[in-house]
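Student: This is coords_11.csv (CSV, N, CA and C atoms).
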chain,number,residue,atom,x,y,z
A,1,MET,N,105.4,73.7,53.9
A,1,MET,CA,104.8,73.6,55.2
A,1,MET,C,104.6,75.0,55.8
A,2,ILE,N,103.5,75.2,56.3
A,2,ILE,CA,103.1,76.5,56.9
A,2,ILE,C,103.4,76.5,58.4
A,3,THR,N,104.1,77.5,58.8
A,3,THR,CA,104.4,77.7,60.2
A,3,THR,C,103.7,78.8,60.8
A,4,LYS,N,103.3,78.7,62.0
A,4,LYS,CA,102.5,79.7,62.7
A,4,LYS,C,103.5,80.7,63.3
A,5,LYS,N,103.2,82.0,63.3
A,5,LYS,CA,104.0,83.0,63.9
A,5,LYS,C,103.7,83.0,65.4
A,6,THR,N,104.7,83.1,66.2
A,6,THR,CA,104.4,83.2,67.6
A,6,THR,C,104.5,84.6,68.0
A,7,LYS,N,103.5,85.0,68.8
A,7,LYS,CA,103.5,86.4,69.3
A,7,LYS,C,104.3,86.5,70.5
A,8,ASN,N,105.0,87.6,70.6
A,8,ASN,CA,105.8,87.9,71.8
A,8,ASN,C,104.9,88.6,72.8
A,9,LYS,N,104.7,88.0,73.9
A,9,LYS,CA,103.9,88.6,74.9
A,9,LYS,C,104.7,89.5,75.7
A,10,LYS,N,104.2,90.7,75.9
A,10,LYS,CA,104.9,91.7,76.7
A,10,LYS,C,104.6,91.5,78.2
A,11,ARG,N,105.6,91.7,78.9
A,11,ARG,CA,105.4,91.6,80.4
A,11,ARG,C,104.7,92.9,80.8
A,12,LYS,N,103.9,92.7,81.8
A,12,LYS,CA,103.1,93.8,82.4
A,12,LYS,C,104.0,94.7,83.2
A,13,GLU,N,104.1,95.9,82.8
A,13,GLU,CA,105.0,96.8,83.6
A,13,GLU,C,104.2,97.5,84.6
A,14,TYR,N,104.7,97.6,85.8
A,14,TYR,CA,104.0,98.2,86.9
A,14,TYR,C,104.5,99.6,87.1
A,15,LYS,N,103.6,100.6,87.0
A,15,LYS,CA,104.1,101.9,87.2
A,15,LYS,C,103.9,102.3,88.7
A,16,ASN,N,104.7,103.2,89.1
A,16,ASN,CA,104.7,103.5,90.5
A,16,ASN,C,103.6,104.6,90.8
A,17,ILE,N,102.7,104.2,91.6
A,17,ILE,CA,101.5,105.1,91.9
A,17,ILE,C,101.6,105.5,93.4
A,18,ALA,N,101.7,106.8,93.7
A,18,ALA,CA,101.9,107.2,95.1
A,18,ALA,C,100.5,107.2,95.8
A,19,HIS,N,99.5,107.7,95.2
A,19,HIS,CA,98.2,107.9,95.8
A,19,HIS,C,97.1,107.2,94.9
A,20,ALA,N,96.3,106.4,95.5
A,20,ALA,CA,95.2,105.7,94.8
A,20,ALA,C,93.9,105.8,95.5
A,21,LYS,N,92.8,105.5,94.8
A,21,LYS,CA,91.5,105.5,95.4
A,21,LYS,C,91.0,104.1,95.4
A,22,LEU,N,90.4,103.7,96.6
A,22,LEU,CA,89.9,102.3,96.7
A,22,LEU,C,88.3,102.5,96.8
A,23,TYR,N,87.6,101.9,95.9
A,23,TYR,CA,86.2,101.9,95.8
A,23,TYR,C,85.6,100.5,96.3
A,24,ILE,N,84.7,100.5,97.2
A,24,ILE,CA,84.1,99.3,97.7
A,24,ILE,C,82.6,99.4,97.5
A,25,LYS,N,82.1,98.6,96.6
A,25,LYS,CA,80.6,98.6,96.4
A,25,LYS,C,80.1,97.3,97.0
A,26,SER,N,79.3,97.5,98.1
A,26,SER,CA,78.9,96.3,98.8
A,26,SER,C,77.3,96.2,98.7
A,27,SER,N,76.9,95.3,97.9
A,27,SER,CA,75.4,95.0,97.8
A,27,SER,C,75.0,93.9,98.7
A,28,PHE,N,73.8,93.5,98.7
A,28,PHE,CA,73.3,92.4,99.5
A,28,PHE,C,73.8,91.1,99.0
A,29,ASN,N,74.2,91.0,97.7
A,29,ASN,CA,74.6,89.7,97.1
A,29,ASN,C,76.1,89.6,96.8
A,30,ASN,N,76.8,90.7,96.7
A,30,ASN,CA,78.2,90.6,96.3
A,30,ASN,C,79.0,91.9,96.8
A,31,THR,N,80.3,91.8,96.8
A,31,THR,CA,81.1,93.0,97.2
A,31,THR,C,82.1,93.1,96.1
A,32,ILE,N,82.2,94.3,95.5
A,32,ILE,CA,83.1,94.6,94.4
A,32,ILE,C,84.1,95.6,94.8
A,33,VAL,N,85.4,95.4,94.7
A,33,VAL,CA,86.4,96.3,95.1
A,33,VAL,C,87.2,96.7,93.9
A,34,ASN,N,87.6,98.0,93.9
A,34,ASN,CA,88.2,98.5,92.7
A,34,ASN,C,89.3,99.5,93.2
A,35,ILE,N,90.5,99.5,92.6
A,35,ILE,CA,91.5,100.5,92.9
A,35,ILE,C,91.8,101.3,91.6
A,36,THR,N,91.7,102.6,91.7
A,36,THR,CA,92.0,103.5,90.6
A,36,THR,C,93.1,104.4,90.9
A,37,ASP,N,93.7,105.0,89.9
A,37,ASP,CA,94.6,106.1,90.1
A,37,ASP,C,93.9,107.4,90.3
A,38,GLU,N,94.6,108.5,90.4
A,38,GLU,CA,94.0,109.8,90.6
A,38,GLU,C,93.1,110.2,89.5
A,39,LYS,N,93.4,109.8,88.3
A,39,LYS,CA,92.5,110.2,87.1
A,39,LYS,C,91.3,109.3,87.0
A,40,GLY,N,91.2,108.2,87.7
A,40,GLY,CA,90.1,107.3,87.7
A,40,GLY,C,90.3,106.1,86.8
A,41,ASN,N,91.5,105.9,86.3
A,41,ASN,CA,91.8,104.7,85.5
A,41,ASN,C,91.9,103.5,86.5
A,42,THR,N,91.2,102.4,86.2
A,42,THR,CA,91.3,101.2,87.0
A,42,THR,C,92.7,100.5,87.0
A,43,ILE,N,93.2,100.3,88.1
A,43,ILE,CA,94.5,99.6,88.3
A,43,ILE,C,94.2,98.1,88.4
A,44,CYS,N,93.4,97.7,89.4
A,44,CYS,CA,93.1,96.3,89.6
A,44,CYS,C,91.7,96.3,90.3
A,45,TRP,N,91.1,95.1,90.2
A,45,TRP,CA,89.7,95.0,90.8
A,45,TRP,C,89.6,93.5,91.2
A,46,ALA,N,88.6,93.3,92.1
A,46,ALA,CA,88.2,91.9,92.5
A,46,ALA,C,86.8,92.0,93.1
A,47,SER,N,86.2,90.9,93.1
A,47,SER,CA,84.9,90.8,93.8
A,47,SER,C,84.8,89.5,94.5
A,48,SER,N,83.8,89.3,95.3
A,48,SER,CA,83.7,88.1,96.1
A,48,SER,C,83.5,86.9,95.2
A,49,GLY,N,82.9,87.1,94.0
A,49,GLY,CA,82.8,86.0,93.1
A,49,GLY,C,84.1,85.7,92.4
A,50,SER,N,84.9,86.7,92.1
A,50,SER,CA,86.2,86.4,91.4
A,50,SER,C,87.2,85.8,92.3
A,51,VAL,N,87.1,85.9,93.6
A,51,VAL,CA,88.0,85.3,94.5
A,51,VAL,C,87.7,83.9,94.7
A,52,GLY,N,86.5,83.4,94.3
A,52,GLY,CA,86.2,82.0,94.4
A,52,GLY,C,85.0,81.6,95.1
A,53,PHE,N,84.2,82.6,95.6
A,53,PHE,CA,83.0,82.3,96.3
A,53,PHE,C,81.8,82.3,95.3
A,54,SER,N,80.8,81.5,95.6
A,54,SER,CA,79.6,81.5,94.7
A,54,SER,C,78.4,81.4,95.5
A,55,GLY,N,77.3,81.8,95.0
A,55,GLY,CA,76.0,81.7,95.6
A,55,GLY,C,75.9,82.6,96.8
A,56,ALA,N,75.3,82.0,97.9
A,56,ALA,CA,75.1,82.8,99.1
A,56,ALA,C,76.4,83.1,99.8
A,57,ARG,N,77.5,82.4,99.6
A,57,ARG,CA,78.7,82.7,100.3
A,57,ARG,C,79.4,84.0,99.8
A,58,LYS,N,78.9,84.5,98.6
A,58,LYS,CA,79.5,85.7,98.1
A,58,LYS,C,79.1,86.9,99.0
A,59,SER,N,78.0,86.8,99.7
A,59,SER,CA,77.5,87.9,100.5
A,59,SER,C,77.9,87.8,101.9
A,60,THR,N,79.0,87.1,102.3
A,60,THR,CA,79.5,87.0,103.6
A,60,THR,C,80.6,88.0,103.9
A,61,PRO,N,80.8,88.4,105.1
A,61,PRO,CA,81.9,89.4,105.4
A,61,PRO,C,83.2,88.8,105.1
A,62,TYR,N,83.4,87.4,105.2
A,62,TYR,CA,84.7,86.8,105.0
A,62,TYR,C,85.0,86.9,103.5
A,63,ALA,N,84.0,86.7,102.6
A,63,ALA,CA,84.3,86.9,101.2
A,63,ALA,C,84.7,88.3,100.8
A,64,ALA,N,84.1,89.3,101.5
A,64,ALA,CA,84.5,90.7,101.2
A,64,ALA,C,85.9,90.9,101.7
A,65,THR,N,86.3,90.4,102.8
A,65,THR,CA,87.7,90.6,103.3
A,65,THR,C,88.7,89.9,102.3
A,66,ARG,N,88.3,88.7,101.8
A,66,ARG,CA,89.2,88.1,100.8
A,66,ARG,C,89.4,88.9,99.5
A,67,ALA,N,88.3,89.5,99.1
A,67,ALA,CA,88.3,90.3,97.9
A,67,ALA,C,89.2,91.5,98.1
A,68,ILE,N,89.1,92.2,99.3
A,68,ILE,CA,89.9,93.3,99.6
A,68,ILE,C,91.4,93.0,99.7
A,69,GLU,N,91.6,91.9,100.4
A,69,GLU,CA,93.0,91.4,100.5
A,69,GLU,C,93.7,91.1,99.1
A,70,SER,N,92.9,90.6,98.2
A,70,SER,CA,93.4,90.3,96.9
A,70,SER,C,93.7,91.5,96.1
A,71,VAL,N,92.9,92.6,96.3
A,71,VAL,CA,93.1,93.8,95.6
A,71,VAL,C,94.3,94.5,96.2
A,72,LEU,N,94.4,94.5,97.5
A,72,LEU,CA,95.5,95.2,98.2
A,72,LEU,C,96.9,94.6,97.8
A,73,SER,N,96.9,93.3,97.8
A,73,SER,CA,98.1,92.6,97.4
A,73,SER,C,98.5,92.9,96.0
A,74,GLU,N,97.6,93.0,95.1
A,74,GLU,CA,97.8,93.4,93.7
A,74,GLU,C,98.3,94.8,93.6
A,75,GLY,N,97.7,95.7,94.5
A,75,GLY,CA,98.1,97.1,94.5
A,75,GLY,C,99.5,97.3,95.0
A,76,GLN,N,100.0,96.4,95.8
A,76,GLN,CA,101.3,96.6,96.4
A,76,GLN,C,102.4,96.5,95.3
A,77,LYS,N,102.1,95.8,94.2
A,77,LYS,CA,103.0,95.7,93.0
A,77,LYS,C,103.2,97.1,92.4
A,78,TYR,N,102.2,97.9,92.5
A,78,TYR,CA,102.2,99.3,91.9
A,78,TYR,C,102.9,100.3,92.9
A,79,GLY,N,103.2,99.9,94.1
A,79,GLY,CA,103.9,100.8,95.0
A,79,GLY,C,102.9,101.7,95.7
A,80,ILE,N,101.7,101.3,95.9
A,80,ILE,CA,100.7,102.2,96.5
A,80,ILE,C,100.9,102.3,98.0
A,81,LYS,N,101.0,103.5,98.5
A,81,LYS,CA,101.3,103.7,99.9
A,81,LYS,C,100.1,104.5,100.6
A,82,LYS,N,99.4,105.3,99.8
A,82,LYS,CA,98.4,106.2,100.3
A,82,LYS,C,97.1,105.9,99.6
A,83,LEU,N,96.0,105.7,100.4
A,83,LEU,CA,94.7,105.4,99.9
A,83,LEU,C,93.6,106.3,100.3
A,84,SER,N,92.7,106.6,99.4
A,84,SER,CA,91.4,107.3,99.8
A,84,SER,C,90.4,106.2,99.6
A,85,VAL,N,89.5,106.0,100.6
A,85,VAL,CA,88.6,104.9,100.6
A,85,VAL,C,87.2,105.4,100.4
A,86,TYR,N,86.4,104.9,99.4
A,86,TYR,CA,85.1,105.3,99.1
A,86,TYR,C,84.2,104.0,99.2
A,87,ILE,N,83.2,104.1,100.1
A,87,ILE,CA,82.4,102.9,100.4
A,87,ILE,C,81.0,103.2,99.9
A,88,ARG,N,80.3,102.3,99.2
A,88,ARG,CA,79.0,102.5,98.6
A,88,ARG,C,78.2,101.2,98.9
A,89,GLY,N,77.0,101.4,99.3
A,89,GLY,CA,76.0,100.3,99.4
A,89,GLY,C,75.8,99.8,100.9
A,90,PRO,N,74.7,99.1,101.1
A,90,PRO,CA,74.3,98.7,102.4
A,90,PRO,C,74.7,97.3,102.8
A,91,GLY,N,75.5,96.6,102.1
A,91,GLY,CA,75.8,95.2,102.3
A,91,GLY,C,76.7,95.0,103.5
A,92,VAL,N,76.9,93.7,103.8
A,92,VAL,CA,77.7,93.3,105.0
A,92,VAL,C,79.2,93.5,104.8
A,93,GLY,N,79.6,93.7,103.5
A,93,GLY,CA,81.1,93.8,103.2
A,93,GLY,C,81.7,95.1,103.7
A,94,ARG,N,80.8,96.1,103.9
A,94,ARG,CA,81.4,97.4,104.3
A,94,ARG,C,82.0,97.4,105.7
A,95,ASP,N,81.4,96.8,106.6
A,95,ASP,CA,82.0,96.7,108.0
A,95,ASP,C,83.2,95.9,108.0
A,96,ALA,N,83.2,94.8,107.3
A,96,ALA,CA,84.4,93.9,107.2
A,96,ALA,C,85.5,94.7,106.5
A,97,ALA,N,85.2,95.5,105.6
A,97,ALA,CA,86.2,96.3,104.9
A,97,ALA,C,86.9,97.3,105.8
A,98,LEU,N,86.1,97.9,106.6
A,98,LEU,CA,86.7,98.9,107.5
A,98,LEU,C,87.5,98.3,108.6
A,99,ARG,N,87.1,97.1,109.1
A,99,ARG,CA,87.9,96.4,110.1
A,99,ARG,C,89.2,96.0,109.5
A,100,LEU,N,89.2,95.5,108.2
A,100,LEU,CA,90.4,95.1,107.6
A,100,LEU,C,91.4,96.2,107.3
A,101,LEU,N,90.8,97.4,106.9
A,101,LEU,CA,91.7,98.5,106.6
A,101,LEU,C,92.3,99.2,107.8
A,102,ARG,N,91.5,99.1,108.9
A,102,ARG,CA,92.1,99.7,110.1
A,102,ARG,C,93.3,98.9,110.6
A,103,GLY,N,93.3,97.6,110.3
A,103,GLY,CA,94.4,96.7,110.8
A,103,GLY,C,95.6,96.8,109.9
A,104,LYS,N,95.5,97.4,108.7
A,104,LYS,CA,96.7,97.6,107.8
A,104,LYS,C,97.6,98.7,108.3
A,105,ARG,N,98.7,98.4,108.8
A,105,ARG,CA,99.6,99.5,109.3
A,105,ARG,C,100.6,100.0,108.2
A,106,ASP,N,100.8,99.2,107.1
A,106,ASP,CA,101.7,99.7,106.1
A,106,ASP,C,101.0,100.7,105.1
A,107,LEU,N,99.7,100.8,105.1
A,107,LEU,CA,99.0,101.7,104.3
A,107,LEU,C,98.6,103.0,105.0
A,108,ASP,N,98.7,104.1,104.4
A,108,ASP,CA,98.3,105.4,104.9
A,108,ASP,C,97.0,105.7,104.3
A,109,ILE,N,95.9,105.7,105.2
A,109,ILE,CA,94.6,106.0,104.7
A,109,ILE,C,94.3,107.4,104.8
A,110,ASP,N,94.1,108.1,103.7
A,110,ASP,CA,93.9,109.5,103.6
A,110,ASP,C,92.5,109.9,104.2
A,111,LYS,N,91.5,109.3,103.6
A,111,LYS,CA,90.1,109.6,104.0
A,111,LYS,C,89.3,108.4,103.7
A,112,ILE,N,88.2,108.3,104.5
A,112,ILE,CA,87.1,107.3,104.3
A,112,ILE,C,85.8,108.0,104.1
A,113,SER,N,85.2,107.8,103.0
A,113,SER,CA,83.9,108.5,102.8
A,113,SER,C,82.8,107.5,102.3
A,114,ASP,N,81.6,107.8,102.7
A,114,ASP,CA,80.5,107.0,102.3
A,114,ASP,C,79.7,107.6,101.2
A,115,LEU,N,79.6,106.9,100.1
A,115,LEU,CA,78.9,107.4,98.9
A,115,LEU,C,77.6,106.7,98.6
A,116,THR,N,77.0,106.1,99.7
A,116,THR,CA,75.8,105.4,99.5
A,116,THR,C,74.7,106.3,99.1
A,117,PRO,N,74.0,106.0,98.0
A,117,PRO,CA,72.9,106.9,97.5
A,117,PRO,C,71.7,106.9,98.4
A,118,ILE,N,71.3,108.1,98.8
A,118,ILE,CA,70.2,108.2,99.7
A,118,ILE,C,69.1,109.1,99.0
A,119,PRO,N,67.9,108.6,98.9
A,119,PRO,CA,66.9,109.3,98.2
A,119,PRO,C,66.4,110.5,99.0
A,120,HIS,N,66.2,111.6,98.3
A,120,HIS,CA,65.6,112.8,99.0
A,120,HIS,C,64.1,112.8,98.6
A,121,ASN,N,63.4,111.9,99.3
A,121,ASN,CA,62.0,111.6,99.0
A,121,ASN,C,61.7,111.3,97.5
A,122,GLY,N,62.3,110.2,97.1
A,122,GLY,CA,62.1,109.8,95.7
A,122,GLY,C,60.8,109.0,95.6
A,123,PRO,N,60.8,107.9,94.8
A,123,PRO,CA,59.6,107.1,94.6
A,123,PRO,C,59.2,106.4,95.9
A,124,LYS,N,57.9,106.0,96.0
A,124,LYS,CA,57.4,105.4,97.2
A,124,LYS,C,58.0,104.0,97.3
A,125,PRO,N,58.5,103.6,98.5
A,125,PRO,CA,59.1,102.3,98.6
A,125,PRO,C,58.1,101.2,98.6
A,126,SER,N,58.5,100.0,98.2
A,126,SER,CA,57.5,98.9,98.1
A,126,SER,C,57.0,98.5,99.5
A,127,LYS,N,55.9,97.8,99.5
A,127,LYS,CA,55.3,97.4,100.8
A,127,LYS,C,56.2,96.5,101.6
A,128,ARG,N,55.9,96.5,102.9
A,128,ARG,CA,56.7,95.6,103.8
A,128,ARG,C,56.3,94.2,103.5
A,129,ARG,N,57.3,93.3,103.6
A,129,ARG,CA,57.1,91.9,103.3
A,129,ARG,C,56.3,91.3,104.5
A,130,ARG,N,55.3,90.5,104.1
A,130,ARG,CA,54.6,89.8,105.2
A,130,ARG,C,55.0,88.3,105.1
A,131,THR,N,55.3,87.7,106.3
A,131,THR,CA,55.6,86.3,106.3
A,131,THR,C,54.6,85.5,107.2
Render the structure in this file as structure tokens.
Tutor:
Amino acid sequence: MITKKTKNKKRKEYKNIAHAKLYIKSSFNNTIVNITDEKGNTICWASSGSVGFSGARKSTPYAATRAIESVLSEGQKYGIKKLSVYIRGPGVGRDAALRLLRGKRDLDIDKISDLTPIPHNGPKPSKRRRT
């Protein structure tokens, strides 16, 4: 009789990270939130879709706040106390993110910077939509 070998699953060890970077990419359809360490290695991430929203509900401010809350609660397991926040994109999740982060008293926010790409007279934009 052949027996299967069982694999020993290792428990995830949480390393203590003093300072982390929070990246918020807010598009018109979704909001993606990512926490990295100082070197840029991803610690945890979430999006409006991974939190449980689908379709048009992904692009709501409430879905963005749920994604950020999910990432911050996961980041607390790593002992994150200080954050640098980088926001990118024109979506509705960016304002909701700032309101949520201002209300967090247990986190020390080092800086908030906007990384939204702005063209320096790039290609001609498409025509205005007629309805």
Student: Find the residues around stretch 61-67 of chain A up to 8 Å (only N, CA and C atoms counted), leave out those fewer than 3 positions away in its own chain, and share them as an NGL selection string.
Tutor: :A and (30-34 or 45-53 or 57-58 or 70-73 or 91-97 or 100)
Student: Closest to A:Asp114 among A:Thr36, A:Arg88, A:Arg102, A:Tyr23, using only N, CA and C atoms?
Tutor: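 Comparing A:Thr36, A:Arg88, A:Arg102, A:Tyr23 against A:Asp114, the winner is A:Arg88.
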Student: Of the candidates A:Leu101, A:Ile68, A:Ala20, A:Ile35, which one gets nearest to A:Ile80 if we count only N, CA and C atoms?
Tutor: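 For A:Ile80, the nearest of the candidates is A:Ala20.
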Student: Find the distance between atom N of A:Ile87 and atom C of A:Ser26 and write it in Å to one decimal.
Tutor: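 Between these atoms lies a distance of 10.0 Å.
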Student: Determine the nearest neighbour of A:Lys81 from the options A:Ile118, A:Ile43, A:Ala56, A:Ile17, counting only C-alpha atoms.
Tutor: A:Ile17
Student: What does the structure give for the distance between atom CA of A:Ser27 and atom C of A:Asp108, in Å to one decimal?
Tutor: 25.0 Å
Student: Using only C-alpha atoms - which residues lie no farther than 9 Å from the point (102.6, 101.6, 95.0) in the file's frame? Write them as a CSV table (one decimal) with N, CA and C atoms, in the frame of the given file.
Tutor:
chain,number,residue,atom,x,y,z
A,14,TYR,N,104.7,97.6,85.8
A,14,TYR,CA,104.0,98.2,86.9
A,14,TYR,C,104.5,99.6,87.1
A,15,LYS,N,103.6,100.6,87.0
A,15,LYS,CA,104.1,101.9,87.2
A,15,LYS,C,103.9,102.3,88.7
A,16,ASN,N,104.7,103.2,89.1
A,16,ASN,CA,104.7,103.5,90.5
A,16,ASN,C,103.6,104.6,90.8
A,17,ILE,N,102.7,104.2,91.6
A,17,ILE,CA,101.5,105.1,91.9
A,17,ILE,C,101.6,105.5,93.4
A,18,ALA,N,101.7,106.8,93.7
A,18,ALA,CA,101.9,107.2,95.1
A,18,ALA,C,100.5,107.2,95.8
A,19,HIS,N,99.5,107.7,95.2
A,19,HIS,CA,98.2,107.9,95.8
A,19,HIS,C,97.1,107.2,94.9
A,20,ALA,N,96.3,106.4,95.5
A,20,ALA,CA,95.2,105.7,94.8
A,20,ALA,C,93.9,105.8,95.5
A,75,GLY,N,97.7,95.7,94.5
A,75,GLY,CA,98.1,97.1,94.5
A,75,GLY,C,99.5,97.3,95.0
A,76,GLN,N,100.0,96.4,95.8
A,76,GLN,CA,101.3,96.6,96.4
A,76,GLN,C,102.4,96.5,95.3
A,77,LYS,N,102.1,95.8,94.2
A,77,LYS,CA,103.0,95.7,93.0
A,77,LYS,C,103.2,97.1,92.4
A,78,TYR,N,102.2,97.9,92.5
A,78,TYR,CA,102.2,99.3,91.9
A,78,TYR,C,102.9,100.3,92.9
A,79,GLY,N,103.2,99.9,94.1
A,79,GLY,CA,103.9,100.8,95.0
A,79,GLY,C,102.9,101.7,95.7
A,80,ILE,N,101.7,101.3,95.9
A,80,ILE,CA,100.7,102.2,96.5
A,80,ILE,C,100.9,102.3,98.0
A,81,LYS,N,101.0,103.5,98.5
A,81,LYS,CA,101.3,103.7,99.9
A,81,LYS,C,100.1,104.5,100.6
A,82,LYS,N,99.4,105.3,99.8
A,82,LYS,CA,98.4,106.2,100.3
A,82,LYS,C,97.1,105.9,99.6
Student: Between atom N of A:Cys44 and atom N of A:Phe28, what is the spacing in Å?
Tutor: 22.1 Å
Student: Per DSSP on the backbone, filter chain A down to the residues in strand (DSSP E) and report them as an MDAnalysis selection string.
Tutor: chainID A and resid 19:26 31:36 42:47 82:88 108:114
Student: So, with all atoms listed in the file as the atoms that count, which of A:Asn29, A:Ser126, A:Thr3, A:Ser113 lies closest to A:Val85?
Tutor: A:Ser113
Student: Stretch 33-131 of chain A: which residues are alpha helix (DSSP H) by DSSP, as a VMD selection string?
Tutor: chain A and resid 48 to 51 61 to 76 93 to 103
Student: Which centre and edge lengths in Å to one decimal define the box along x, y and z that fits every listed atom of stretch 58-75 of chain A plus 8 Å per side, as AutoDock Vina command-line options?
Tutor:
--center_x 88.5 --center_y 90.9 --center_z 99.5 --size_x 38.0 --size_y 28.8 --size_z 27.8
